[in-house]
>>> print(open('my_file09.pdb').read())   # PDB, C-alpha atoms and all ligand atoms
ATOM      1  CA  MET A   1     -11.112  52.279 -33.527
ATOM      2  CA  ASN A   2     -12.509  53.299 -36.939
ATOM      3  CA  SER A   3     -14.612  50.937 -39.097
ATOM      4  CA  ARG A   4     -11.672  49.786 -41.233
ATOM      5  CA  GLU A   5      -9.621  48.969 -38.112
ATOM      6  CA  ALA A   6     -12.644  47.179 -36.633
ATOM      7  CA  GLU A   7     -12.959  45.094 -39.808
ATOM      8  CA  GLY A   8      -9.249  44.267 -39.665
ATOM      9  CA  ALA A   9      -9.473  43.337 -35.973
ATOM     10  CA  CYS A  10     -12.421  41.049 -36.703
ATOM     11  CA  GLY A  11     -10.318  39.309 -39.366
ATOM     12  CA  PHE A  12      -7.458  38.970 -36.901
ATOM     13  CA  HIS A  13      -9.766  37.368 -34.322
ATOM     14  CA  GLU A  14     -10.730  34.753 -36.909
ATOM     15  CA  LEU A  15      -7.107  34.306 -37.916
ATOM     16  CA  ARG A  16      -6.162  33.751 -34.273
ATOM     17  CA  LYS A  17      -8.705  30.928 -33.966
ATOM     18  CA  LYS A  18      -7.339  29.345 -37.141
ATOM     19  CA  ARG A  19      -3.762  29.672 -35.913
ATOM     20  CA  ILE A  20      -4.675  28.018 -32.596
ATOM     21  CA  GLN A  21      -6.192  25.073 -34.491
ATOM     22  CA  GLU A  22      -3.064  24.753 -36.630
ATOM     23  CA  ILE A  23      -0.879  24.812 -33.510
ATOM     24  CA  GLU A  24      -2.998  22.130 -31.846
ATOM     25  CA  GLN A  25      -2.580  19.926 -34.916
ATOM     26  CA  ILE A  26       1.180  20.382 -34.720
ATOM     27  CA  LEU A  27       1.173  19.551 -31.003
ATOM     28  CA  THR A  28      -0.890  16.419 -31.596
ATOM     29  CA  GLY A  29       1.540  15.339 -34.303
ATOM     30  CA  TYR A  30       4.502  15.582 -31.946
ATOM     31  CA  LEU A  31       2.929  13.764 -28.989
ATOM     32  CA  PRO A  32       4.331  10.268 -28.320
ATOM     33  CA  LYS A  33       2.179   7.222 -29.114
ATOM     34  CA  GLU A  34       0.199   5.962 -26.131
ATOM     35  CA  GLU A  35       1.672   2.482 -25.921
ATOM     36  CA  GLY A  36       3.868   0.201 -23.796
ATOM     37  CA  TYR A  37       3.798  -0.572 -20.061
ATOM     38  CA  GLN A  38       4.399   3.138 -19.407
ATOM     39  CA  LYS A  39       1.378   4.147 -21.541
ATOM     40  CA  ILE A  40      -0.221   6.085 -18.679
ATOM     41  CA  ILE A  41       2.522   8.696 -18.767
ATOM     42  CA  MET A  42       1.843   9.402 -22.459
ATOM     43  CA  GLU A  43      -1.848   9.781 -21.558
ATOM     44  CA  ALA A  44      -1.029  12.225 -18.756
ATOM     45  CA  MET A  45       1.247  14.199 -21.133
ATOM     46  CA  ALA A  46      -1.559  14.438 -23.686
ATOM     47  CA  TYR A  47      -4.116  15.328 -20.991
ATOM     48  CA  SER A  48      -2.115  18.341 -19.855
ATOM     49  CA  LEU A  49      -0.741  19.430 -23.234
ATOM     50  CA  MET A  50      -4.051  19.242 -25.082
ATOM     51  CA  ALA A  51      -6.135  20.896 -22.343
ATOM     52  CA  GLY A  52      -6.451  24.146 -24.279
ATOM     53  CA  GLY A  53      -4.752  27.362 -23.326
ATOM     54  CA  LYS A  54      -3.926  30.356 -25.453
ATOM     55  CA  ARG A  55      -0.983  28.720 -27.267
ATOM     56  CA  LEU A  56       0.720  32.067 -27.040
ATOM     57  CA  ARG A  57       4.315  30.876 -27.024
ATOM     58  CA  PRO A  58       4.163  28.722 -30.170
ATOM     59  CA  MET A  59       2.108  31.451 -31.834
ATOM     60  CA  LEU A  60       4.658  34.144 -31.028
ATOM     61  CA  MET A  61       7.426  31.838 -32.253
ATOM     62  CA  ARG A  62       5.822  31.241 -35.627
ATOM     63  CA  GLU A  63       4.790  34.873 -36.118
ATOM     64  CA  THR A  64       8.328  36.043 -35.362
ATOM     65  CA  TYR A  65       9.609  33.400 -37.797
ATOM     66  CA  ARG A  66       7.238  34.905 -40.395
ATOM     67  CA  LEU A  67       8.327  38.446 -39.477
ATOM     68  CA  PHE A  68      11.837  37.512 -40.633
ATOM     69  CA  GLY A  69      10.561  35.839 -43.811
ATOM     70  CA  GLY A  70      10.618  32.238 -42.558
ATOM     71  CA  LYS A  71       8.494  29.969 -44.747
ATOM     72  CA  GLY A  72       9.486  26.412 -43.823
ATOM     73  CA  LYS A  73       8.443  23.854 -41.234
ATOM     74  CA  VAL A  74      11.632  23.713 -39.168
ATOM     75  CA  VAL A  75       9.926  25.963 -36.618
ATOM     76  CA  GLU A  76       7.233  23.335 -35.896
ATOM     77  CA  PRO A  77       9.210  20.956 -33.629
ATOM     78  CA  PHE A  78      10.317  24.000 -31.640
ATOM     79  CA  MET A  79       6.745  25.279 -31.326
ATOM     80  CA  ALA A  80       5.766  21.886 -29.898
ATOM     81  CA  ALA A  81       8.838  21.694 -27.658
ATOM     82  CA  LEU A  82       8.200  25.113 -26.142
ATOM     83  CA  GLU A  83       4.539  24.417 -25.435
ATOM     84  CA  MET A  84       5.620  21.143 -23.760
ATOM     85  CA  ILE A  85       8.030  23.063 -21.524
ATOM     86  CA  HIS A  86       5.403  25.676 -20.715
ATOM     87  CA  THR A  87       2.889  22.921 -19.888
ATOM     88  CA  TYR A  88       5.381  21.067 -17.678
ATOM     89  CA  SER A  89       5.896  24.271 -15.701
ATOM     90  CA  LEU A  90       2.153  24.631 -15.167
ATOM     91  CA  VAL A  91       1.784  20.970 -14.138
ATOM     92  CA  HIS A  92       4.571  21.302 -11.565
ATOM     93  CA  ASP A  93       3.416  24.736 -10.397
ATOM     94  CA  ASP A  94      -0.018  23.260  -9.584
ATOM     95  CA  LEU A  95       1.408  20.436  -7.420
ATOM     96  CA  PRO A  96       0.619  20.334  -3.678
ATOM     97  CA  ALA A  97       4.240  21.255  -2.877
ATOM     98  CA  MET A  98       3.927  24.442  -4.923
ATOM     99  CA  ASP A  99       0.607  26.288  -5.446
ATOM    100  CA  ASP A 100      -1.604  23.262  -4.746
ATOM    101  CA  ASP A 101      -4.235  24.152  -7.356
ATOM    102  CA  GLU A 102      -7.003  21.902  -8.619
ATOM    103  CA  LEU A 103      -8.085  23.839 -11.700
ATOM    104  CA  ARG A 104      -6.038  24.731 -14.776
ATOM    105  CA  ARG A 105      -7.165  25.622 -18.303
ATOM    106  CA  GLY A 106     -10.715  24.975 -17.108
ATOM    107  CA  ARG A 107     -10.006  21.344 -16.196
ATOM    108  CA  LYS A 108      -8.846  19.360 -13.192
ATOM    109  CA  THR A 109      -5.095  19.675 -12.783
ATOM    110  CA  THR A 110      -2.928  16.734 -13.876
ATOM    111  CA  HIS A 111      -2.042  15.561 -10.356
ATOM    112  CA  VAL A 112      -5.716  15.619  -9.349
ATOM    113  CA  VAL A 113      -6.570  13.292 -12.243
ATOM    114  CA  TYR A 114      -3.484  11.032 -12.239
ATOM    115  CA  GLY A 115      -2.211  11.345  -8.648
ATOM    116  CA  GLU A 116       0.706  13.353  -7.294
ATOM    117  CA  ASP A 117       3.358  10.805  -8.282
ATOM    118  CA  LEU A 118       2.289  10.729 -11.918
ATOM    119  CA  GLY A 119       1.742  14.488 -11.868
ATOM    120  CA  ILE A 120       5.425  14.937 -11.052
ATOM    121  CA  LEU A 121       6.433  12.379 -13.670
ATOM    122  CA  ALA A 122       4.150  13.901 -16.344
ATOM    123  CA  GLY A 123       5.920  17.254 -15.873
ATOM    124  CA  ASP A 124       9.320  15.550 -16.057
ATOM    125  CA  ALA A 125       8.209  13.628 -19.145
ATOM    126  CA  LEU A 126       7.054  16.786 -20.935
ATOM    127  CA  LEU A 127      10.337  18.553 -20.169
ATOM    128  CA  ASN A 128      12.432  15.653 -21.388
ATOM    129  CA  TYR A 129      10.288  15.001 -24.443
ATOM    130  CA  ALA A 130      10.482  18.683 -25.353
ATOM    131  CA  PHE A 131      14.217  18.276 -25.920
ATOM    132  CA  GLU A 132      13.755  14.996 -27.793
ATOM    133  CA  THR A 133      11.293  16.853 -30.029
ATOM    134  CA  ALA A 134      13.552  19.842 -30.596
ATOM    135  CA  ALA A 135      16.540  17.569 -31.296
ATOM    136  CA  SER A 136      14.528  15.677 -33.930
ATOM    137  CA  ALA A 137      14.893  18.797 -36.102
ATOM    138  CA  PHE A 138      18.593  17.931 -36.693
ATOM    139  CA  ALA A 139      17.591  14.743 -38.524
ATOM    140  CA  ASP A 140      14.528  16.203 -40.253
ATOM    141  CA  TYR A 141      16.090  19.483 -41.431
ATOM    142  CA  PRO A 142      19.818  18.682 -41.862
ATOM    143  CA  ASP A 143      20.483  21.780 -43.996
ATOM    144  CA  GLU A 144      19.477  24.032 -41.123
ATOM    145  CA  SER A 145      21.553  22.419 -38.392
ATOM    146  CA  LEU A 146      23.469  25.587 -37.448
ATOM    147  CA  ALA A 147      20.290  27.539 -36.673
ATOM    148  CA  ILE A 148      18.764  24.466 -35.008
ATOM    149  CA  GLY A 149      21.786  24.190 -32.689
ATOM    150  CA  LYS A 150      21.407  27.849 -31.703
ATOM    151  CA  ALA A 151      17.661  27.373 -31.139
ATOM    152  CA  VAL A 152      18.206  24.342 -28.875
ATOM    153  CA  GLY A 153      20.696  26.404 -26.849
ATOM    154  CA  ILE A 154      18.188  29.237 -26.411
ATOM    155  CA  LEU A 155      15.459  26.786 -25.401
ATOM    156  CA  GLY A 156      17.655  25.186 -22.725
ATOM    157  CA  LYS A 157      18.947  28.449 -21.302
ATOM    158  CA  LYS A 158      15.614  30.260 -21.154
ATOM    159  CA  ALA A 159      13.868  27.278 -19.523
ATOM    160  CA  GLY A 160      16.633  26.601 -17.024
ATOM    161  CA  ILE A 161      18.440  28.127 -14.045
ATOM    162  CA  TYR A 162      19.125  31.378 -15.919
ATOM    163  CA  GLY A 163      15.521  31.499 -17.087
ATOM    164  CA  MET A 164      12.114  30.216 -15.979
ATOM    165  CA  LEU A 165      13.393  27.706 -13.423
ATOM    166  CA  GLY A 166      15.669  30.314 -11.827
ATOM    167  CA  GLY A 167      12.738  32.740 -11.566
ATOM    168  CA  GLN A 168      10.550  30.087  -9.993
ATOM    169  CA  VAL A 169      13.267  29.336  -7.404
ATOM    170  CA  VAL A 170      13.326  32.960  -6.214
ATOM    171  CA  ASP A 171       9.520  33.118  -6.336
ATOM    172  CA  VAL A 172       9.191  30.012  -4.145
ATOM    173  CA  LYS A 173      11.869  31.191  -1.709
ATOM    174  CA  GLU A 174      10.276  34.629  -1.317
ATOM    175  CA  THR A 175       6.686  33.405  -0.983
ATOM    176  CA  GLY A 176       5.116  34.694   2.217
ATOM    177  CA  ARG A 177       7.567  37.606   2.427
ATOM    178  CA  ALA A 178       7.243  41.105   0.974
ATOM    179  CA  VAL A 179       9.759  41.629  -1.835
ATOM    180  CA  ASP A 180      10.943  44.929  -3.296
ATOM    181  CA  LYS A 181      10.420  45.902  -6.911
ATOM    182  CA  ASP A 182      13.941  44.877  -8.023
ATOM    183  CA  VAL A 183      13.435  41.314  -6.788
ATOM    184  CA  LEU A 184       9.924  41.230  -8.245
ATOM    185  CA  ASP A 185      11.251  42.403 -11.622
ATOM    186  CA  PHE A 186      13.925  39.688 -11.465
ATOM    187  CA  ILE A 187      11.267  37.033 -10.761
ATOM    188  CA  TYR A 188       9.001  38.265 -13.564
ATOM    189  CA  ALA A 189      11.802  38.601 -16.108
ATOM    190  CA  LEU A 190      12.862  35.010 -15.522
ATOM    191  CA  LYS A 191       9.717  33.148 -14.514
ATOM    192  CA  THR A 192       7.468  34.641 -17.176
ATOM    193  CA  GLY A 193       9.674  36.654 -19.531
ATOM    194  CA  ALA A 194      12.278  34.028 -20.340
ATOM    195  CA  LEU A 195       9.969  31.573 -22.143
ATOM    196  CA  LEU A 196       8.351  34.378 -24.138
ATOM    197  CA  GLU A 197      11.842  35.586 -25.057
ATOM    198  CA  SER A 198      12.795  32.080 -26.168
ATOM    199  CA  ALA A 199       9.641  31.891 -28.307
ATOM    200  CA  MET A 200      10.417  35.018 -30.270
ATOM    201  CA  MET A 201      14.202  34.549 -30.361
ATOM    202  CA  ILE A 202      13.914  30.995 -31.698
ATOM    203  CA  GLY A 203      11.475  32.181 -34.375
ATOM    204  CA  ALA A 204      13.997  34.843 -35.393
ATOM    205  CA  VAL A 205      17.044  32.548 -35.307
ATOM    206  CA  LEU A 206      15.369  29.817 -37.379
ATOM    207  CA  ALA A 207      14.383  32.395 -39.994
ATOM    208  CA  GLY A 208      18.016  33.519 -40.260
ATOM    209  CA  ALA A 209      17.903  36.809 -38.329
ATOM    210  CA  GLY A 210      21.250  38.421 -37.489
ATOM    211  CA  GLU A 211      22.673  38.732 -33.979
ATOM    212  CA  GLU A 212      21.588  42.330 -33.477
ATOM    213  CA  GLU A 213      18.101  41.601 -34.717
ATOM    214  CA  VAL A 214      17.816  38.671 -32.302
ATOM    215  CA  TRP A 215      18.925  40.996 -29.494
ATOM    216  CA  THR A 216      16.177  43.492 -30.426
ATOM    217  CA  VAL A 217      13.653  40.649 -30.451
ATOM    218  CA  GLU A 218      14.829  39.515 -27.006
ATOM    219  CA  LYS A 219      14.383  43.030 -25.653
ATOM    220  CA  ALA A 220      10.918  43.373 -27.173
ATOM    221  CA  ALA A 221       9.891  39.943 -25.864
ATOM    222  CA  GLY A 222      11.123  40.877 -22.374
ATOM    223  CA  LYS A 223       8.686  43.791 -22.448
ATOM    224  CA  VAL A 224       5.910  41.489 -23.669
ATOM    225  CA  GLY A 225       6.748  39.202 -20.735
ATOM    226  CA  LEU A 226       6.484  41.983 -18.159
ATOM    227  CA  ALA A 227       3.223  43.265 -19.654
ATOM    228  CA  PHE A 228       1.853  39.714 -19.732
ATOM    229  CA  GLN A 229       2.734  38.988 -16.104
ATOM    230  CA  VAL A 230       1.416  42.309 -14.792
ATOM    231  CA  GLN A 231      -1.845  41.678 -16.658
ATOM    232  CA  ASP A 232      -1.872  38.243 -14.960
ATOM    233  CA  ASP A 233      -1.552  40.040 -11.597
ATOM    234  CA  ILE A 234      -4.469  42.306 -12.524
ATOM    235  CA  LEU A 235      -6.697  39.446 -13.705
ATOM    236  CA  ASP A 236      -5.975  37.529 -10.497
ATOM    237  CA  VAL A 237      -7.875  40.223  -8.579
ATOM    238  CA  THR A 238     -10.394  41.401 -11.190
ATOM    239  CA  SER A 239     -11.505  38.263 -13.071
ATOM    240  CA  THR A 240     -13.384  35.072 -12.213
ATOM    241  CA  ALA A 241     -12.316  31.432 -12.063
ATOM    242  CA  GLU A 242     -14.837  30.629 -14.833
ATOM    243  CA  VAL A 243     -13.234  33.093 -17.242
ATOM    244  CA  LEU A 244      -9.620  32.305 -16.305
ATOM    245  CA  GLY A 245     -10.054  28.534 -16.039
ATOM    246  CA  LYS A 246      -7.923  28.627 -12.868
ATOM    247  CA  PRO A 247      -8.461  29.885  -9.320
ATOM    248  CA  ILE A 248      -8.521  33.642  -8.695
ATOM    249  CA  ARG A 249      -6.962  35.475  -5.740
ATOM    250  CA  SER A 250      -4.140  32.923  -5.781
ATOM    251  CA  ASP A 251      -1.526  35.646  -5.177
ATOM    252  CA  GLU A 252      -3.295  36.651  -1.979
ATOM    253  CA  LYS A 253      -3.654  32.987  -0.944
ATOM    254  CA  ASN A 254       0.068  32.448  -1.553
ATOM    255  CA  GLU A 255       1.018  35.771   0.080
ATOM    256  CA  LYS A 256       2.790  37.004  -3.015
ATOM    257  CA  THR A 257       3.952  40.521  -3.763
ATOM    258  CA  THR A 258       2.705  41.574  -7.217
ATOM    259  CA  TYR A 259       2.578  44.745  -9.300
ATOM    260  CA  VAL A 260      -0.982  45.203  -8.024
ATOM    261  CA  THR A 261       0.063  45.018  -4.366
ATOM    262  CA  LEU A 262       3.050  47.307  -5.013
ATOM    263  CA  LEU A 263       1.490  49.905  -7.325
ATOM    264  CA  GLY A 264      -2.295  49.412  -7.287
ATOM    265  CA  ILE A 265      -4.468  48.383 -10.231
ATOM    266  CA  GLU A 266      -4.462  51.678 -12.139
ATOM    267  CA  GLU A 267      -0.661  52.046 -12.131
ATOM    268  CA  ALA A 268      -0.277  48.358 -12.984
ATOM    269  CA  LYS A 269      -2.541  48.871 -16.026
ATOM    270  CA  LYS A 270      -0.292  51.725 -17.165
ATOM    271  CA  VAL A 271       2.737  49.416 -16.964
ATOM    272  CA  VAL A 272       0.969  46.861 -19.186
ATOM    273  CA  GLU A 273       0.110  49.559 -21.774
ATOM    274  CA  ARG A 274       3.599  51.065 -21.731
ATOM    275  CA  GLU A 275       5.564  47.817 -21.991
ATOM    276  CA  SER A 276       3.364  46.494 -24.804
ATOM    277  CA  PHE A 277       3.600  49.747 -26.722
ATOM    278  CA  GLU A 278       7.393  49.765 -26.399
ATOM    279  CA  ALA A 279       7.608  46.134 -27.515
ATOM    280  CA  VAL A 280       5.690  46.919 -30.713
ATOM    281  CA  GLU A 281       7.852  49.996 -31.320
ATOM    282  CA  LEU A 282      11.008  47.880 -31.074
ATOM    283  CA  LEU A 283       9.617  45.331 -33.546
ATOM    284  CA  ARG A 284       8.626  48.135 -35.928
ATOM    285  CA  GLY A 285      12.282  49.133 -36.096
ATOM    286  CA  LEU A 286      13.130  45.758 -37.680
ATOM    287  CA  PRO A 287      13.244  45.273 -41.476
ATOM    288  CA  GLY A 288      10.173  42.997 -41.907
ATOM    289  CA  SER A 289       6.597  43.534 -40.851
ATOM    290  CA  ASN A 290       3.852  41.284 -39.480
ATOM    291  CA  PRO A 291       0.582  43.146 -38.802
ATOM    292  CA  TYR A 292      -0.999  40.096 -37.155
ATOM    293  CA  LEU A 293       1.908  39.888 -34.671
ATOM    294  CA  GLU A 294       1.464  43.583 -33.811
ATOM    295  CA  TRP A 295      -2.267  43.084 -33.336
ATOM    296  CA  LEU A 296      -1.651  40.035 -31.142
ATOM    297  CA  LEU A 297       0.706  41.975 -28.869
ATOM    298  CA  GLY A 298      -1.916  44.718 -28.556
ATOM    299  CA  GLU A 299      -4.543  42.114 -27.689
ATOM    300  CA  LEU A 300      -2.473  40.883 -24.761
ATOM    301  CA  VAL A 301      -2.896  44.274 -23.084
ATOM    302  CA  HIS A 302      -6.667  43.897 -23.048
ATOM    303  CA  ARG A 303      -6.805  40.139 -22.568
ATOM    304  CA  LYS A 304      -9.464  38.829 -20.220
ATOM    305  CA  LYS A 305      -7.829  35.429 -19.631
TER     306      LYS A 305
HETATM  307  C1  LIG B   1       7.682  24.662 -11.938
HETATM  308  C2  LIG B   1       9.913  25.199 -13.018
HETATM  309  C3  LIG B   1       8.542  25.582 -12.705
HETATM  310  C4  LIG B   1       8.137  26.771 -13.102
HETATM  311  C5  LIG B   1       6.807  27.281 -12.905
HETATM  312  C6  LIG B   1       5.383  29.224 -15.294
HETATM  313  C7  LIG B   1       5.465  28.994 -13.840
HETATM  314  C8  LIG B   1       6.771  28.708 -13.299
HETATM  315  C9  LIG B   1       4.389  28.969 -13.038
HETATM  316  C10 LIG B   1       3.002  29.085 -13.516
HETATM  317  C11 LIG B   1       2.255  30.149 -12.784
HETATM  318  C12 LIG B   1       2.454  31.499 -13.375
HETATM  319  C13 LIG B   1       1.529  32.553 -12.921
HETATM  320  C14 LIG B   1       3.410  31.729 -14.221
HETATM  321  C15 LIG B   1       3.675  33.001 -14.853
HETATM  322  C16 LIG B   1       3.539  32.862 -16.309
HETATM  323  C17 LIG B   1       2.111  32.666 -16.676
HETATM  324  C18 LIG B   1       1.189  33.802 -16.532
HETATM  325  C19 LIG B   1       1.746  31.473 -17.099
HETATM  326  C20 LIG B   1       0.425  31.164 -17.651
HETATM  327  O1  LIG B   1       0.573  31.269 -19.041
HETATM  328  P1  LIG B   1      -0.656  31.395 -20.013
HETATM  329  O2  LIG B   1      -1.620  32.412 -19.482
HETATM  330  O3  LIG B   1      -1.317  29.949 -19.874
HETATM  331  O4  LIG B   1      -0.139  31.605 -21.390
HETATM  332  P2  LIG B   1      -2.118  29.116 -20.959
HETATM  333  O5  LIG B   1      -2.877  28.122 -20.131
HETATM  334  O6  LIG B   1      -3.004  30.048 -21.737
HETATM  335  O7  LIG B   1      -1.095  28.448 -21.822
END
>>> encode(input="my_file09.pdb", output="structure tokens", more="lines below")
Ligand code: GRG
Amino acid sequence: MNSREAEGACGFHELRKKRIQEIEQILTGYLPKEEGYQKIIMEAMAYSLMAGGKRLRPMLMRETYRLFGGKGKVVEPFMAALEMIHTYSLVHDDLPAMDDDELRRGRKTTHVVYGEDLGILAGDALLNYAFETAASAFADYPDESLAIGKAVGILGKKAGIYGMLGGQVVDVKETGRAVDKDVLDFIYALKTGALLESAMMIGAVLAGAGEEEVWTVEKAAGKVGLAFQVQDDILDVTSTAEVLGKPIRSDEKNEKTTYVTLLGIEEAKKVVERESFEAVELLRGLPGSNPYLEWLLGELVHRKK
């Protein structure tokens, strides 16, 4: 990296912090009021949603929206909705019936704080409220209802049985058994890739991108998803719980096949580099440009948490 690139990267690091703060303000604004007899569920939703995290999905959504020239606020309810869905998946994944983890985003997991019953309900509440939040865009941005309808469809499909949920089903069913690379790729594409695809596709759709452009974005985001998950596999064996804010060696504990167990760390690193590079190349073929988005995708290759 030369000095000019280093200066630019430093600026991007600062910009990333600012963007995370902006996203957290948006999330706070869309959380339900903590009131009524059921108040505890709103508290549990806020506890899990506002626990930190990289805010990658809403960030990718807004940067893709900007890539296609989007300038409005219609993307904001979708940024919040997607982070709610992502958080619900983490809350449920940590439950005793799934990975049974006590640490997430550097804090006690939701079921540890609120009990298993409310942990389940907090995940359900976040999923349901995500769609209430996304649907609120119809009333708030009536002139953009066609794109909003498409975005809601993408959100539902990519979170559901043809997306994250479907991937999690195969993951759970295959836990404790060795799987081949085709099945592993299926799990990764759905469990991890689908939400990242929805982030970037929704950003594109809301900014008015055409069908072919949205398809290119989906393909690029699929590569980001694979790179992201393989890096997750690598960090699970190379990092620490303090840095990750969640337990390490969880794949070994859960007897899961990963890219590291199949290919070894060095080959897995090459996959991360290759997929990220190809994702950026695909985005560069699109009409607009967003240097911060390109930098962010590069950062994911070298991420430490
Ligand atoms: C329970 C339906 C259901 C799905 C669970 C997402 C998921 C499926 C499980 C979480 C565990 C896991 C390793 C998922 C793969 C995707 C992934 C690496 C999620 C963590 O995302 P980050 O790193 O988390 O963006 P933060 O906390 O930064 O938001």
>>> atom_distance(input="my_file09.pdb", atom1="atom CA of Val243 of chain A", atom2="atom CA of Glu299 of chain A")
16.3 Å
>>> atom_distance(input="my_file09.pdb", atom1="atom CA of Met45 of chain A", atom2="atom CA of Arg19 of chain A")
22.0 Å
>>> resolve_selection(input="my_file09.pdb", expression="the PyMOL selection byres (((not hetatm)) within 9 of (chain B and resi 1))", output="PyMOL selection string")
chain A and resi 51-57+83+85-95+98-99+104-106+123+159-160+164-169+171+188+191-193+195+225+228-233+244-246+251+305
>>> resolve_selection(input="my_file09.pdb", expression="the PyMOL selection byres (((chain A and resi 260) around 12) and not hetatm)", output="PyMOL selection string")
chain A and resi 181+184+229-238+249+251-252+256-259+261-272
>>> write_last_selection(input="my_file09.pdb", atoms="C-alpha atoms", output="PDB file, in the frame of the given file")
ATOM      1  CA  LYS A 181      10.420  45.902  -6.911  1.00  0.00           C
ATOM      2  CA  LEU A 184       9.924  41.230  -8.245  1.00  0.00           C
ATOM      3  CA  GLN A 229       2.734  38.988 -16.104  1.00  0.00           C
ATOM      4  CA  VAL A 230       1.416  42.309 -14.792  1.00  0.00           C
ATOM      5  CA  GLN A 231      -1.845  41.678 -16.658  1.00  0.00           C
ATOM      6  CA  ASP A 232      -1.872  38.243 -14.960  1.00  0.00           C
ATOM      7  CA  ASP A 233      -1.552  40.040 -11.597  1.00  0.00           C
ATOM      8  CA  ILE A 234      -4.469  42.306 -12.524  1.00  0.00           C
ATOM      9  CA  LEU A 235      -6.697  39.446 -13.705  1.00  0.00           C
ATOM     10  CA  ASP A 236      -5.975  37.529 -10.497  1.00  0.00           C
ATOM     11  CA  VAL A 237      -7.875  40.223  -8.579  1.00  0.00           C
ATOM     12  CA  THR A 238     -10.394  41.401 -11.190  1.00  0.00           C
ATOM     13  CA  ARG A 249      -6.962  35.475  -5.740  1.00  0.00           C
ATOM     14  CA  ASP A 251      -1.526  35.646  -5.177  1.00  0.00           C
ATOM     15  CA  GLU A 252      -3.295  36.651  -1.979  1.00  0.00           C
ATOM     16  CA  LYS A 256       2.790  37.004  -3.015  1.00  0.00           C
ATOM     17  CA  THR A 257       3.952  40.521  -3.763  1.00  0.00           C
ATOM     18  CA  THR A 258       2.705  41.574  -7.217  1.00  0.00           C
ATOM     19  CA  TYR A 259       2.578  44.745  -9.300  1.00  0.00           C
ATOM     20  CA  THR A 261       0.063  45.018  -4.366  1.00  0.00           C
ATOM     21  CA  LEU A 262       3.050  47.307  -5.013  1.00  0.00           C
ATOM     22  CA  LEU A 263       1.490  49.905  -7.325  1.00  0.00           C
ATOM     23  CA  GLY A 264      -2.295  49.412  -7.287  1.00  0.00           C
ATOM     24  CA  ILE A 265      -4.468  48.383 -10.231  1.00  0.00           C
ATOM     25  CA  GLU A 266      -4.462  51.678 -12.139  1.00  0.00           C
ATOM     26  CA  GLU A 267      -0.661  52.046 -12.131  1.00  0.00           C
ATOM     27  CA  ALA A 268      -0.277  48.358 -12.984  1.00  0.00           C
ATOM     28  CA  LYS A 269      -2.541  48.871 -16.026  1.00  0.00           C
ATOM     29  CA  LYS A 270      -0.292  51.725 -17.165  1.00  0.00           C
ATOM     30  CA  VAL A 271       2.737  49.416 -16.964  1.00  0.00           C
ATOM     31  CA  VAL A 272       0.969  46.861 -19.186  1.00  0.00           C
TER      32      VAL A 272
END
>>> residues_around(input="my_file09.pdb", residues="segment 277-282 of chain A", least_positions_apart="5", cutoff="7 Å", atoms="all atoms listed in the file", output="short mmCIF file (atom, residue, chain, number, x, y, z; two decimals) with C-alpha atoms, keeping the file's coordinate frame")
data_model
loop_
_atom_site.label_atom_id
_atom_site.label_comp_id
_atom_site.auth_asym_id
_atom_site.auth_seq_id
_atom_site.Cartn_x
_atom_site.Cartn_y
_atom_site.Cartn_z
CA THR A 216 16.18 43.49 -30.43
CA ALA A 220 10.92 43.37 -27.17
CA ALA A 221 9.89 39.94 -25.86
CA LYS A 223 8.69 43.79 -22.45
CA VAL A 224 5.91 41.49 -23.67
CA GLU A 294 1.46 43.58 -33.81
#
>>> closest_residue(input="my_file09.pdb", among="A:Pro58, A:Thr64, A:Glu255, A:Val74", to="Arg177 of chain A", atoms="all atoms listed in the file")
A:Glu255
>>> resolve_selection(input="my_file09.pdb", expression="the PyMOL selection byres (((chain A and resi 129) around 12) and not hetatm)", output="VMD selection string")
chain A and resid 30 to 32 41 to 42 45 to 46 49 77 to 78 80 to 85 87 to 88 121 to 128 130 to 136
>>> decode(input="my_file09.pdb", residues="segment 153-160 of chain A", atoms="N, CA and C atoms", output="compact mmCIF listing (two decimals), in the first residue's frame")
# COMPACT_ATOMS: atom_id res chain seq x y z
N GLY A 153 -40.35 -8.64 -1.05
CA GLY A 153 -40.29 -10.00 -1.60
C GLY A 153 -38.89 -10.60 -1.46
N ILE A 154 -37.88 -9.80 -1.77
CA ILE A 154 -36.49 -10.28 -1.65
C ILE A 154 -36.17 -10.61 -0.19
N LEU A 155 -36.60 -9.71 0.70
CA LEU A 155 -36.32 -9.91 2.13
C LEU A 155 -36.92 -11.24 2.62
N GLY A 156 -38.18 -11.49 2.25
CA GLY A 156 -38.85 -12.71 2.68
C GLY A 156 -38.18 -13.95 2.12
N LYS A 157 -37.89 -13.90 0.82
CA LYS A 157 -37.32 -15.10 0.18
C LYS A 157 -35.93 -15.42 0.72
N LYS A 158 -35.10 -14.41 0.83
CA LYS A 158 -33.70 -14.66 1.24
C LYS A 158 -33.59 -15.03 2.74
N ALA A 159 -34.60 -14.66 3.53
CA ALA A 159 -34.56 -15.04 4.95
C ALA A 159 -35.19 -16.41 5.17
N GLY A 160 -35.96 -16.88 4.22
CA GLY A 160 -36.83 -18.03 4.45
C GLY A 160 -36.29 -19.37 3.99
